[in-house]
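Colleague: Pasting protein09.txt here (compact mmCIF, C-alpha atoms):
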```txt
# COMPACT_ATOMS: atom_id res chain seq x y z
CA MET A 1 -26.87 83.03 -12.68
CA MET A 2 -27.55 80.46 -9.95
CA ASP A 3 -31.00 79.76 -11.43
CA VAL A 4 -29.46 79.11 -14.86
CA ALA A 5 -26.96 76.70 -13.31
CA ILE A 6 -29.80 74.85 -11.60
CA GLY A 7 -31.64 74.65 -14.91
CA PHE A 8 -28.65 73.15 -16.73
CA ILE A 9 -28.12 70.62 -13.94
CA LEU A 10 -31.75 69.54 -14.23
CA VAL A 11 -31.44 69.19 -18.02
CA GLY A 12 -28.49 66.87 -17.40
CA MET A 13 -30.53 64.98 -14.80
CA LEU A 14 -33.29 64.51 -17.38
CA VAL A 15 -30.84 62.78 -19.73
CA ALA A 16 -29.59 60.59 -16.88
CA LEU A 17 -33.12 59.62 -15.81
CA ILE A 18 -34.10 58.72 -19.38
CA VAL A 19 -30.97 56.60 -19.85
CA ALA A 20 -31.79 54.88 -16.55
CA GLY A 21 -35.19 53.92 -17.95
CA THR A 22 -37.44 56.38 -16.08
CA PRO A 23 -40.72 57.05 -17.94
CA ILE A 24 -40.41 60.40 -19.70
CA GLY A 25 -43.58 61.86 -18.15
CA VAL A 26 -42.56 60.91 -14.61
CA ALA A 27 -39.07 62.35 -15.16
CA LEU A 28 -40.45 65.65 -16.47
CA ILE A 29 -42.87 66.09 -13.55
CA PHE A 30 -40.24 65.17 -10.96
CA LEU A 31 -37.71 67.63 -12.40
CA SER A 32 -40.36 70.35 -12.73
CA LEU A 33 -41.17 70.06 -9.03
CA THR A 34 -37.51 69.83 -8.04
CA GLY A 35 -36.46 72.74 -10.24
CA THR A 36 -39.27 75.02 -9.10
CA TRP A 37 -38.46 74.18 -5.48
CA MET A 38 -34.76 74.97 -5.95
CA VAL A 39 -35.42 78.23 -7.82
CA ARG A 40 -38.17 79.50 -5.50
CA GLY A 41 -36.65 78.07 -2.32
CA ASN A 42 -40.03 76.98 -0.96
CA LEU A 43 -41.48 73.48 -1.33
CA ALA A 44 -45.08 74.56 -0.64
CA VAL A 45 -44.89 77.22 -3.37
CA ALA A 46 -43.34 74.69 -5.79
CA VAL A 47 -46.09 72.14 -5.13
CA SER A 48 -48.75 74.83 -5.63
CA MET A 49 -47.23 76.10 -8.88
CA VAL A 50 -46.75 72.61 -10.32
CA GLY A 51 -50.28 71.61 -9.30
CA SER A 52 -51.88 74.65 -10.91
CA GLY A 53 -49.72 74.13 -13.99
CA ALA A 54 -50.92 70.53 -14.28
CA PHE A 55 -54.53 71.70 -14.40
CA SER A 56 -54.12 74.71 -16.67
CA SER A 57 -51.90 72.88 -19.16
CA ILE A 58 -54.69 70.59 -20.43
CA ALA A 59 -57.82 72.51 -19.41
CA GLU A 60 -58.45 74.03 -22.84
CA ASN A 61 -61.02 72.66 -25.29
CA LEU A 62 -58.25 72.56 -27.90
CA PHE A 63 -56.96 69.31 -26.42
CA SER A 64 -60.09 67.43 -27.48
CA VAL A 65 -58.57 67.37 -30.97
CA ILE A 66 -56.14 64.65 -29.82
CA PRO A 67 -58.61 61.85 -28.96
CA LEU A 68 -60.75 62.77 -31.97
CA PHE A 69 -57.94 62.34 -34.51
CA VAL A 70 -56.64 59.25 -32.72
CA LEU A 71 -60.14 57.74 -32.88
CA MET A 72 -60.38 58.57 -36.58
CA GLY A 73 -57.04 56.88 -37.23
CA MET A 74 -58.04 53.76 -35.30
CA LEU A 75 -61.37 53.46 -37.13
CA VAL A 76 -59.69 53.94 -40.51
CA SER A 77 -57.21 51.19 -39.64
CA VAL A 78 -59.94 48.63 -38.93
CA SER A 79 -62.14 49.69 -41.86
CA GLY A 80 -59.85 48.24 -44.54
CA VAL A 81 -59.38 51.60 -46.25
CA GLY A 82 -55.60 51.16 -46.28
CA GLN A 83 -55.84 47.85 -48.11
CA ASP A 84 -58.21 49.28 -50.73
CA THR A 85 -56.01 52.34 -51.25
CA PHE A 86 -52.99 50.13 -51.88
CA GLY A 87 -55.07 47.96 -54.23
CA VAL A 88 -56.03 50.94 -56.36
CA ALA A 89 -52.46 52.28 -56.50
CA GLN A 90 -51.20 48.81 -57.35
CA TRP A 91 -53.70 48.51 -60.20
CA LEU A 92 -52.83 51.93 -61.64
CA LEU A 93 -49.09 51.28 -61.54
CA ARG A 94 -49.18 47.59 -62.47
CA ARG A 95 -47.01 48.01 -65.59
CA VAL A 96 -44.50 50.46 -64.11
CA ARG A 97 -41.14 48.98 -63.18
CA GLY A 98 -40.94 49.27 -59.41
CA GLY A 99 -44.67 50.03 -59.47
CA LEU A 100 -45.53 48.19 -56.25
CA GLY A 101 -43.00 50.28 -54.36
CA ILE A 102 -44.43 53.47 -55.83
CA ALA A 103 -47.94 52.19 -55.05
CA THR A 104 -46.92 51.75 -51.41
CA VAL A 105 -45.70 55.35 -51.20
CA ASP A 106 -48.83 56.68 -52.94
CA ALA A 107 -51.15 54.63 -50.73
CA ASN A 108 -49.27 55.72 -47.62
CA THR A 109 -49.62 59.35 -48.73
CA LEU A 110 -53.40 59.04 -48.95
CA PHE A 111 -53.61 56.95 -45.81
CA ALA A 112 -51.57 59.56 -43.93
CA ALA A 113 -54.20 62.17 -44.76
CA VAL A 114 -56.75 60.33 -42.62
CA THR A 115 -54.69 58.77 -39.82
CA GLY A 116 -51.90 61.03 -38.49
CA ILE A 117 -50.05 58.13 -36.86
CA SER A 118 -46.95 56.75 -38.58
CA VAL A 119 -46.92 53.52 -36.57
CA ALA A 120 -50.46 52.75 -37.78
CA SER A 121 -49.33 53.20 -41.40
CA ALA A 122 -46.31 50.96 -40.81
CA SER A 123 -48.46 48.23 -39.29
CA VAL A 124 -51.14 48.34 -41.98
CA PHE A 125 -48.86 48.36 -45.02
CA ALA A 126 -46.48 45.77 -43.58
CA GLN A 127 -49.38 43.34 -43.88
CA VAL A 128 -50.93 44.77 -47.07
CA ALA A 129 -47.93 45.69 -49.25
CA VAL A 130 -44.99 43.46 -48.29
CA PRO A 131 -46.52 40.05 -49.26
CA PRO A 132 -47.49 41.19 -52.81
CA MET A 133 -44.04 42.74 -53.34
CA LEU A 134 -42.30 39.54 -52.28
CA HIS A 135 -44.66 37.52 -54.49
CA PHE A 136 -43.90 39.62 -57.57
CA GLY A 137 -40.15 39.43 -57.26
CA TYR A 138 -39.06 42.32 -55.03
CA THR A 139 -36.24 41.80 -52.54
CA PRO A 140 -37.22 41.60 -48.84
CA ARG A 141 -34.89 44.53 -48.03
CA PHE A 142 -36.59 46.79 -50.56
CA ALA A 143 -40.12 45.65 -49.66
CA VAL A 144 -39.83 46.29 -45.92
CA GLY A 145 -37.71 49.41 -46.47
CA VAL A 146 -40.30 51.17 -48.62
CA VAL A 147 -43.05 50.39 -46.09
CA ALA A 148 -41.03 51.68 -43.13
CA GLY A 149 -39.73 54.69 -45.05
CA SER A 150 -43.05 55.87 -46.43
CA SER A 151 -44.82 55.34 -43.09
CA ILE A 152 -43.27 58.58 -41.78
CA LEU A 153 -45.65 60.50 -44.06
CA GLY A 154 -48.32 59.83 -41.42
CA MET A 155 -46.73 62.41 -39.12
CA LEU A 156 -46.06 65.04 -41.78
CA ILE A 157 -49.19 65.10 -43.93
CA PRO A 158 -52.10 66.46 -41.88
CA PRO A 159 -53.76 65.49 -39.65
CA SER A 160 -50.65 64.73 -37.60
CA ILE A 161 -50.37 63.94 -33.92
CA LEU A 162 -46.84 65.36 -33.83
CA MET A 163 -48.03 68.67 -35.30
CA ILE A 164 -50.75 68.82 -32.65
CA VAL A 165 -48.16 68.25 -29.93
CA TYR A 166 -45.82 70.88 -31.36
CA GLY A 167 -48.66 73.37 -31.84
CA VAL A 168 -49.69 73.02 -28.21
CA LEU A 169 -46.14 73.30 -26.85
CA ALA A 170 -45.13 76.21 -29.09
CA GLU A 171 -48.54 77.93 -28.79
CA VAL A 172 -48.96 77.90 -32.58
CA SER A 173 -52.27 77.40 -34.39
CA ILE A 174 -52.82 73.70 -35.02
CA GLY A 175 -54.82 74.58 -38.13
CA ARG A 176 -51.82 76.47 -39.52
CA MET A 177 -49.52 73.57 -38.68
CA PHE A 178 -51.81 71.17 -40.54
CA LEU A 179 -51.86 73.34 -43.64
CA ALA A 180 -48.10 73.88 -43.46
CA GLY A 181 -47.53 70.14 -43.67
CA VAL A 182 -49.31 69.63 -47.00
CA ILE A 183 -46.61 70.84 -49.43
CA PRO A 184 -43.65 69.35 -47.48
CA GLY A 185 -45.55 66.06 -47.26
CA LEU A 186 -46.16 65.96 -51.00
CA ILE A 187 -42.52 66.91 -51.68
CA MET A 188 -41.37 64.09 -49.38
CA ALA A 189 -43.68 61.59 -51.11
CA GLY A 190 -42.46 62.74 -54.52
CA ALA A 191 -38.84 62.38 -53.40
CA PHE A 192 -39.54 58.82 -52.23
CA VAL A 193 -41.11 57.98 -55.60
CA LEU A 194 -38.10 59.44 -57.41
CA LEU A 195 -35.79 57.32 -55.23
CA ILE A 196 -37.68 54.15 -56.16
CA VAL A 197 -37.65 55.01 -59.88
CA LEU A 198 -33.88 55.62 -59.79
CA LEU A 199 -33.22 52.43 -57.84
CA ALA A 200 -35.34 50.35 -60.21
CA ARG A 201 -33.54 51.89 -63.19
CA PHE A 202 -29.93 51.96 -62.04
CA LYS A 203 -29.83 49.44 -59.15
CA PRO A 204 -32.27 46.71 -60.20
CA ALA A 205 -30.52 44.11 -58.04
CA TYR A 206 -31.44 46.20 -54.97
CA VAL A 207 -35.12 46.25 -55.92
CA PHE A 208 -35.70 42.88 -57.59
CA SER A 209 -34.68 39.44 -56.40
CA SER A 210 -33.60 38.39 -59.90
CA PRO A 211 -32.35 40.50 -62.85
CA GLY A 212 -35.23 39.36 -65.06
CA ALA A 213 -37.99 40.09 -62.56
CA VAL A 214 -40.66 42.31 -64.04
CA ALA A 215 -42.82 42.60 -60.91
CA VAL A 216 -46.04 43.30 -62.79
CA ASN A 217 -49.42 42.50 -61.31
CA GLU A 218 -51.78 41.43 -64.08
CA LYS A 219 -54.79 41.07 -61.80
CA ALA A 220 -57.88 42.07 -63.73
CA GLU A 221 -59.94 44.86 -62.18
CA THR A 222 -62.55 47.13 -63.63
CA THR A 223 -62.12 50.89 -63.59
CA ALA A 224 -65.49 51.26 -61.89
CA GLY A 225 -64.46 48.83 -59.16
CA MET A 226 -61.23 50.71 -58.53
CA LEU A 227 -63.01 54.06 -58.37
CA ALA A 228 -65.52 52.65 -55.91
CA LYS A 229 -62.68 51.62 -53.60
CA MET A 230 -61.33 55.18 -53.64
CA VAL A 231 -64.61 56.86 -52.66
CA PRO A 232 -64.32 56.40 -48.84
CA ILE A 233 -60.80 57.77 -48.46
CA VAL A 234 -61.45 60.65 -50.88
CA LEU A 235 -64.55 61.62 -48.92
CA LEU A 236 -62.60 61.58 -45.65
CA ILE A 237 -59.77 63.67 -47.10
CA VAL A 238 -62.22 66.21 -48.55
CA THR A 239 -64.08 66.37 -45.24
CA VAL A 240 -61.00 66.83 -43.05
CA LEU A 241 -58.58 68.83 -45.19
CA GLY A 242 -61.18 70.50 -47.41
CA GLY A 243 -63.16 71.62 -44.38
CA LEU A 244 -60.04 72.93 -42.67
CA TYR A 245 -58.53 74.65 -45.72
CA GLY A 246 -61.90 76.09 -46.74
CA GLY A 247 -62.44 77.57 -43.28
CA VAL A 248 -65.59 75.51 -42.73
CA PHE A 249 -64.27 73.72 -39.64
CA THR A 250 -61.76 74.40 -36.92
CA ALA A 251 -59.09 71.77 -36.26
CA THR A 252 -61.18 70.30 -33.43
CA GLU A 253 -64.32 70.20 -35.58
CA CYS A 254 -62.34 68.52 -38.37
CA GLY A 255 -61.33 65.82 -35.89
CA ALA A 256 -64.95 65.28 -34.91
CA MET A 257 -66.14 65.12 -38.52
CA GLY A 258 -63.28 62.81 -39.46
CA ALA A 259 -64.02 60.45 -36.58
CA LEU A 260 -67.72 60.41 -37.53
CA GLY A 261 -66.90 59.75 -41.17
CA ALA A 262 -64.47 56.94 -40.28
CA PHE A 263 -67.11 55.41 -37.99
CA LEU A 264 -69.74 55.45 -40.75
CA ILE A 265 -67.32 53.94 -43.28
CA ALA A 266 -66.26 51.15 -40.91
CA GLY A 267 -69.92 50.48 -40.09
CA ALA A 268 -71.00 50.48 -43.74
CA ARG A 269 -68.26 47.97 -44.54
CA ARG A 270 -69.40 45.74 -41.68
CA ARG A 271 -65.97 45.96 -40.06
CA LEU A 272 -67.37 47.07 -36.70
CA ASN A 273 -68.95 44.76 -34.17
CA LEU A 274 -69.20 45.40 -30.44
CA PRO A 275 -65.86 43.73 -29.50
CA THR A 276 -64.03 45.59 -32.29
CA LEU A 277 -65.63 48.92 -31.38
CA TRP A 278 -64.78 48.40 -27.72
CA SER A 279 -61.18 47.56 -28.65
CA VAL A 280 -60.94 50.71 -30.79
CA LEU A 281 -62.32 52.90 -28.00
CA VAL A 282 -60.02 51.40 -25.37
CA GLU A 283 -56.96 51.79 -27.61
CA THR A 284 -57.98 55.39 -28.37
CA GLY A 285 -58.22 56.03 -24.63
CA TYR A 286 -54.78 54.55 -23.95
CA VAL A 287 -53.11 56.56 -26.71
CA SER A 288 -54.92 59.82 -25.91
CA VAL A 289 -54.33 59.68 -22.17
CA GLY A 290 -50.67 58.88 -22.74
CA ILE A 291 -50.23 61.88 -25.04
CA LEU A 292 -52.18 64.24 -22.75
CA PHE A 293 -50.19 63.13 -19.70
CA LEU A 294 -46.95 63.79 -21.55
CA LEU A 295 -48.20 67.21 -22.70
CA MET A 296 -49.10 68.10 -19.13
CA ALA A 297 -45.66 67.03 -17.91
CA ALA A 298 -43.94 68.92 -20.74
CA SER A 299 -45.88 72.10 -19.99
CA MET A 300 -44.75 71.98 -16.37
CA TYR A 301 -41.16 71.29 -17.46
CA SER A 302 -41.30 74.20 -19.93
CA ARG A 303 -42.42 76.62 -17.20
CA MET A 304 -39.59 75.47 -14.95
CA LEU A 305 -36.99 75.97 -17.69
CA THR A 306 -38.33 79.44 -18.48
CA MET A 307 -38.29 80.33 -14.79
CA ALA A 308 -34.66 79.22 -14.59
CA GLY A 309 -33.79 81.24 -17.71
CA ILE A 310 -32.46 78.30 -19.75
CA PRO A 311 -33.81 79.31 -23.22
CA ALA A 312 -32.48 82.86 -22.83
CA ALA A 313 -29.10 81.58 -21.65
CA ILE A 314 -28.73 79.17 -24.58
CA GLY A 315 -29.83 81.90 -26.99
CA SER A 316 -27.18 84.26 -25.63
CA LEU A 317 -24.57 81.52 -25.87
CA ILE A 318 -25.41 80.90 -29.52
CA GLU A 319 -25.19 84.62 -30.27
CA GLU A 320 -21.76 84.80 -28.61
CA PHE A 321 -20.47 81.96 -30.81
CA GLY A 322 -21.88 83.79 -33.83
CA VAL A 323 -23.19 80.63 -35.54
CA GLY A 324 -26.36 82.44 -36.69
CA ARG A 325 -29.74 81.03 -37.65
CA TYR A 326 -28.50 78.24 -39.92
CA GLY A 327 -25.81 77.20 -37.48
CA PHE A 328 -28.44 76.90 -34.77
CA LEU A 329 -30.68 74.86 -37.09
CA ALA A 330 -27.83 72.52 -38.01
CA VAL A 331 -26.98 71.83 -34.36
CA TYR A 332 -30.67 71.50 -33.48
CA VAL A 333 -31.41 69.00 -36.26
CA LEU A 334 -28.31 66.97 -35.38
CA CYS A 335 -29.36 66.78 -31.73
CA VAL A 336 -32.93 65.77 -32.65
CA VAL A 337 -31.75 63.05 -35.05
CA LEU A 338 -29.39 61.65 -32.41
CA MET A 339 -32.17 61.70 -29.81
CA GLY A 340 -34.34 59.81 -32.27
CA MET A 341 -31.99 56.85 -31.90
CA ILE A 342 -33.04 56.33 -28.27
CA LEU A 343 -36.40 58.12 -27.78
CA ASP A 344 -39.84 58.12 -29.40
CA SER A 345 -41.03 61.10 -31.45
CA VAL A 346 -43.42 62.64 -28.93
CA SER A 347 -40.85 62.48 -26.13
CA ILE A 348 -38.27 64.26 -28.28
CA LEU A 349 -40.66 67.12 -29.01
CA LEU A 350 -41.57 67.35 -25.34
CA ILE A 351 -37.91 67.78 -24.41
CA VAL A 352 -36.59 70.06 -27.15
CA THR A 353 -39.56 72.32 -27.97
CA PRO A 354 -39.57 74.31 -24.68
CA ILE A 355 -35.85 75.02 -25.13
CA ALA A 356 -35.63 75.49 -28.90
CA VAL A 357 -38.76 77.55 -29.68
CA PRO A 358 -37.70 80.68 -27.71
CA ILE A 359 -34.29 80.52 -29.40
CA ALA A 360 -35.88 80.16 -32.86
CA LYS A 361 -38.12 83.11 -32.03
CA SER A 362 -35.10 85.21 -31.04
CA PHE A 363 -33.65 84.57 -34.53
CA GLY A 364 -36.88 85.83 -36.08
CA MET A 365 -37.82 82.41 -37.45
CA ASP A 366 -41.42 81.64 -38.30
CA LEU A 367 -42.57 79.11 -35.70
CA VAL A 368 -44.77 77.28 -38.20
CA GLN A 369 -41.77 76.66 -40.46
CA PHE A 370 -39.69 75.69 -37.43
CA GLY A 371 -42.42 73.23 -36.49
CA VAL A 372 -42.31 71.54 -39.90
CA ILE A 373 -38.50 71.30 -39.69
CA SER A 374 -38.83 69.84 -36.19
CA VAL A 375 -41.37 67.22 -37.26
CA VAL A 376 -39.26 66.07 -40.23
CA ALA A 377 -36.14 65.87 -38.06
CA VAL A 378 -37.97 63.98 -35.34
CA GLU A 379 -39.47 61.57 -37.88
CA THR A 380 -36.03 60.38 -38.97
CA GLY A 381 -35.82 58.81 -35.53
CA LEU A 382 -38.59 56.41 -36.52
CA LEU A 383 -36.18 54.81 -39.01
CA THR A 384 -32.81 54.97 -37.22
CA PRO A 385 -31.38 52.28 -34.92
CA PRO A 386 -31.53 51.23 -32.18
CA PHE A 387 -35.06 52.52 -31.39
CA GLY A 388 -36.69 53.01 -34.83
CA LEU A 389 -40.34 52.72 -33.79
CA SER A 390 -41.67 52.34 -37.36
CA VAL A 391 -39.09 49.62 -38.03
CA PHE A 392 -40.25 47.69 -34.97
CA ALA A 393 -43.87 48.20 -36.00
CA VAL A 394 -43.14 46.68 -39.43
CA LYS A 395 -41.31 43.75 -37.83
CA SER A 396 -44.15 43.13 -35.38
CA ALA A 397 -46.90 43.35 -38.01
CA LEU A 398 -45.09 41.03 -40.44
CA GLY A 399 -44.60 38.19 -38.00
CA ASP A 400 -42.00 36.74 -40.38
CA ALA A 401 -38.93 35.38 -38.59
CA SER A 402 -36.96 35.25 -41.85
CA ILE A 403 -36.97 39.07 -42.11
CA ARG A 404 -34.65 40.44 -39.45
CA LEU A 405 -34.63 43.90 -37.89
CA GLU A 406 -31.27 44.59 -39.54
CA THR A 407 -32.89 44.00 -42.94
CA ILE A 408 -35.61 46.56 -42.24
CA PHE A 409 -33.14 49.14 -40.94
CA ALA A 410 -30.95 48.64 -44.01
CA GLY A 411 -33.96 48.97 -46.33
CA ALA A 412 -35.07 52.19 -44.62
CA LEU A 413 -31.61 53.82 -44.79
CA PRO A 414 -32.07 55.38 -48.29
CA TYR A 415 -35.29 57.01 -47.09
CA VAL A 416 -33.46 58.58 -44.15
CA ALA A 417 -31.04 60.14 -46.65
CA VAL A 418 -33.97 61.47 -48.71
CA MET A 419 -35.60 62.91 -45.58
CA LEU A 420 -32.42 64.78 -44.67
CA ALA A 421 -32.18 66.15 -48.23
CA VAL A 422 -35.81 67.36 -48.09
CA LEU A 423 -35.11 68.83 -44.66
CA GLY A 424 -32.32 70.91 -46.21
CA LEU A 425 -34.69 72.04 -48.95
CA LEU A 426 -37.35 73.10 -46.44
CA THR A 427 -34.73 75.01 -44.46
CA ALA A 428 -33.39 76.83 -47.51
CA PHE A 429 -36.86 77.71 -48.86
CA PRO A 430 -39.21 78.63 -45.97
CA ALA A 431 -42.06 79.41 -48.39
CA LEU A 432 -42.50 75.69 -49.00
CA SER A 433 -43.62 75.29 -45.38
CA ILE A 434 -45.61 78.45 -44.77
CA TRP A 435 -47.24 79.23 -48.13
CA LEU A 436 -50.54 77.46 -47.36
CA ALA A 437 -50.47 78.34 -43.66
CA TYR A 438 -50.97 82.09 -44.12
```
Show the structure stored in the file as structure tokens.

Modeller:
Amino acid sequence: MMDVAIGFILVGMLVALIVAGTPIGVALIFLSLTGTWMVRGNLAVAVSMVGSGAFSSIAENLFSVIPLFVLMGMLVSVSGVGQDTFGVAQWLLRRVRGGLGIATVDANTLFAAVTGISVASASVFAQVAVPPMLHFGYTPRFAVGVVAGSSILGMLIPPSILMIVYGVLAEVSIGRMFLAGVIPGLIMAGAFVLLIVLLARFKPAYVFSSPGAVAVNEKAETTAGMLAKMVPIVLLIVTVLGGLYGGVFTATECGAMGALGAFLIAGARRRLNLPTLWSVLVETGYVSVGILFLLMAASMYSRMLTMAGIPAAIGSLIEEFGVGRYGFLAVYVLCVVLMGMILDSVSILLIVTPIAVPIAKSFGMDLVQFGVISVVAVETGLLTPPFGLSVFAVKSALGDASIRLETIFAGALPYVAVMLAVLGLLTAFPALSIWLAY
């Protein structure tokens, strides 16, 4: 019982350290060492256990998938594929009312299948999609809202950095997690499109700056030219997802093939020179090392919590209250959404996964489905104030002082509501998440 009390105290200390501004990785490592010391009663043993845990937590070849997919996403961002994808979607939907908004969602869906980073999608489409929408009569609130809202598809549609992080922490196949994200991702994209269609039809003043705005792009393009622009991204999607789903490549091999393909595309388009390549490699290193350090810290923290008996204690507490599986999920999602208001997505997963996964397992839940639910819940935090990382990414990429953060948050709010509705659907119908995974 004393160990459980120590564990709960350290969970409270984690919250206090985060609020005080302590880096999440440093806080996790410090509390792992402190907790192990208090439970074992020997500092030398605690240092030894934490040290060995630091090595073993990232010693597997599986972790090479992280820098590979990050590199692929960075290369795709500089290659101009996102701009071409939006151009094709814009051309196809040029006569549909609200078509540029739908084109943004469609382009983000395809772009998500080759990046895996929501912030990258937000940055790219803030520059590519917002100016044309404003030019063709869309309101600033709608234009920035659809970019921020649809950017979350980057973490749901595989490959996804968040799914890699969850897979590692929950010891679930990353390949299965990738496949499980396909149907939920398409459902989410379809729900966003439906939202735009309904807004354009029943709330035109929300979408268009004037009642008579048609927002049609009459730019002449040939079908052959449009198809040519789609070839690179289609080839990457077929290589990464087709290879994974067809059993040709493992998740790590898909990352390597995707990075190679993105490199060849960027080179063929003459978007890579030595300074750009060096910048891409350095940025990949920064992102990868940051994620791996956090995963190492989270693994140590998870071992400490298990040693203290926290997951088992919380599970027993939930059983005593008799809230059941859906009650647990409701409380879990609420906590994750609230944490999303002050923390980034990876940090949230690092904190909640070690505690929540054993409880979900005790309820007999499929951990792949639980992972999809976790990712969708965490992603709402990218759109909610005051943190809202995707919102800040849109603001930064736009560089337009006339569009305030409040405008972007307000524009993204309908997409948060849609995400919560889809989250309920995925919870009620587990087959939507696990059908392709098994």

Colleague: Considering only C-alpha atoms, return as a list in words whatever protein or nucleic-acid residues lie within 6 Å of A:Met155, sequence-local ones (same chain, fewer than 2 positions apart) excluded.

Modeller: Gly116, Ile117, Ser118, Ile152, Leu153 and Ser160 of chain A

Colleague: Atom CA of A:Ala360 and atom CA of A:Ser345 are how many Å apart?

Modeller: 19.8 Å

Colleague: One decimal, in Å: what's the spacing between atom CA of A:Ala16 and atom CA of A:Val50?

Modeller: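 Computed distance, atom CA of A:Ala16 to atom CA of A:Val50, equals 22.0 Å.
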
Colleague: Between A:Met163, A:Ile24, A:Met304, A:Val282, which residue has the minimum interatomic distance to A:Phe370, considering all atoms listed in the file?

Modeller: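 Among the listed residues, the smallest separation from A:Phe370 belongs to A:Met163.
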
Colleague: Could you tell me which of A:Ser362, A:Thr407, A:Thr223, A:Ser151 comes closest to A:Leu382 if we count only C-alpha atoms?

Modeller: A:Ser151

Colleague: Compare A:Gly80, A:Pro67, A:Gly99, A:Gly185 by their minimum atom-to-atom distance to A:Val289, counting all atoms listed in the file, and give me the closest one.

Modeller: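 So, comparing all the options, the nearest one is A:Pro67.
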
Colleague: List every residue of stretch 134-158 of chain A that has an atom at most 7 Å from any atom of stretch 411-426 of chain A, giving for each one its closest atom pair and the distance in Å to one decimal, counting all atoms listed in the file, sorted by chain and then by ascending residue number, as a Markdown table.

Modeller:
```
| residue | atom | partner | partner_atom | distance |
| --- | --- | --- | --- | --- |
| A:Arg141 | CA | A:Gly411 | CA | 4.8 |
| A:Phe142 | CA | A:Gly411 | CA | 5.4 |
| A:Val144 | CA | A:Gly411 | CA | 6.5 |
| A:Gly145 | CA | A:Gly411 | CA | 3.8 |
| A:Val146 | CA | A:Ala412 | CA | 6.7 |
| A:Ala148 | CA | A:Ala412 | CA | 6.2 |
| A:Gly149 | CA | A:Ala412 | CA | 5.3 |
```

Colleague: Could you write out that same residue set with C-alpha atoms as a PDB file, in the coordinates of the input?

Modeller:
```pdb
ATOM      1  CA  ARG A 141     -34.890  44.530 -48.030  1.00  0.00           C
ATOM      2  CA  PHE A 142     -36.590  46.790 -50.560  1.00  0.00           C
ATOM      3  CA  VAL A 144     -39.830  46.290 -45.920  1.00  0.00           C
ATOM      4  CA  GLY A 145     -37.710  49.410 -46.470  1.00  0.00           C
ATOM      5  CA  VAL A 146     -40.300  51.170 -48.620  1.00  0.00           C
ATOM      6  CA  ALA A 148     -41.030  51.680 -43.130  1.00  0.00           C
ATOM      7  CA  GLY A 149     -39.730  54.690 -45.050  1.00  0.00           C
TER       8      GLY A 149
END
```

Colleague: Using Å and a single decimal, report how far atom CA of A:Val70 sits from atom CA of A:Ala191.

Modeller: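 Distance between the two atoms: 27.5 Å.
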
Colleague: Restricting the calculation to all atoms listed in the file: of A:Val207, A:Leu195, A:Val114, A:Ala20, which residue gets closest to A:Pro140?

Modeller: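 Of A:Val207, A:Leu195, A:Val114, A:Ala20, the one nearest A:Pro140, counting all atoms listed in the file, is A:Val207.
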
Colleague: Do a neighbour search on A:Pro184 at 10 Å with only C-alpha atoms, toss out local chain neighbours closer than 3 positions, and write the hits as a ChimeraX atom specification.

Modeller: /A:153,156-157,179-181,187-190,372-373,376,422-423,425-426,432-434

Colleague: Taking all atoms listed in the file into account, name the residue in A:Met13, A:Leu292, A:Val368, A:Ile408 that is nearest to A:Ser396.

Modeller: A:Ile408

Colleague: Could you give me, as number ranges by chain, the residues within 12 Å of A:Gly242, counting all atoms listed in the file and dropping anything in the same chain fewer than 4 positions from it?

Modeller: A: 113, 158-159, 175, 178-179, 182, 234-238, 246-251, 254, 257-258

Colleague: If we count all atoms listed in the file and set the cut-off at 12 Å, which residues sit around A:Gly87, ignoring sequence neighbours fewer than 6 positions away in its own chain? Please answer as a PyMOL selection string.

Modeller: chain A and resi 80-81+93-94+99-100+103-104+106-108+125+128-129+132+217+219-221+225-230

Colleague: Just to be explicit: take each residue in the selection above, keep C-alpha atoms, and write the result as an mmCIF file, in the coordinates of the input.

Modeller:
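Contents of out.cif, as written:
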```cif
data_model
loop_
_atom_site.group_PDB
_atom_site.id
_atom_site.type_symbol
_atom_site.label_atom_id
_atom_site.label_comp_id
_atom_site.auth_asym_id
_atom_site.auth_seq_id
_atom_site.Cartn_x
_atom_site.Cartn_y
_atom_site.Cartn_z
ATOM 1 C CA GLY A 80 -59.850 48.240 -44.540
ATOM 2 C CA VAL A 81 -59.380 51.600 -46.250
ATOM 3 C CA LEU A 93 -49.090 51.280 -61.540
ATOM 4 C CA ARG A 94 -49.180 47.590 -62.470
ATOM 5 C CA GLY A 99 -44.670 50.030 -59.470
ATOM 6 C CA LEU A 100 -45.530 48.190 -56.250
ATOM 7 C CA ALA A 103 -47.940 52.190 -55.050
ATOM 8 C CA THR A 104 -46.920 51.750 -51.410
ATOM 9 C CA ASP A 106 -48.830 56.680 -52.940
ATOM 10 C CA ALA A 107 -51.150 54.630 -50.730
ATOM 11 C CA ASN A 108 -49.270 55.720 -47.620
ATOM 12 C CA PHE A 125 -48.860 48.360 -45.020
ATOM 13 C CA VAL A 128 -50.930 44.770 -47.070
ATOM 14 C CA ALA A 129 -47.930 45.690 -49.250
ATOM 15 C CA PRO A 132 -47.490 41.190 -52.810
ATOM 16 C CA ASN A 217 -49.420 42.500 -61.310
ATOM 17 C CA LYS A 219 -54.790 41.070 -61.800
ATOM 18 C CA ALA A 220 -57.880 42.070 -63.730
ATOM 19 C CA GLU A 221 -59.940 44.860 -62.180
ATOM 20 C CA GLY A 225 -64.460 48.830 -59.160
ATOM 21 C CA MET A 226 -61.230 50.710 -58.530
ATOM 22 C CA LEU A 227 -63.010 54.060 -58.370
ATOM 23 C CA ALA A 228 -65.520 52.650 -55.910
ATOM 24 C CA LYS A 229 -62.680 51.620 -53.600
ATOM 25 C CA MET A 230 -61.330 55.180 -53.640
#
```
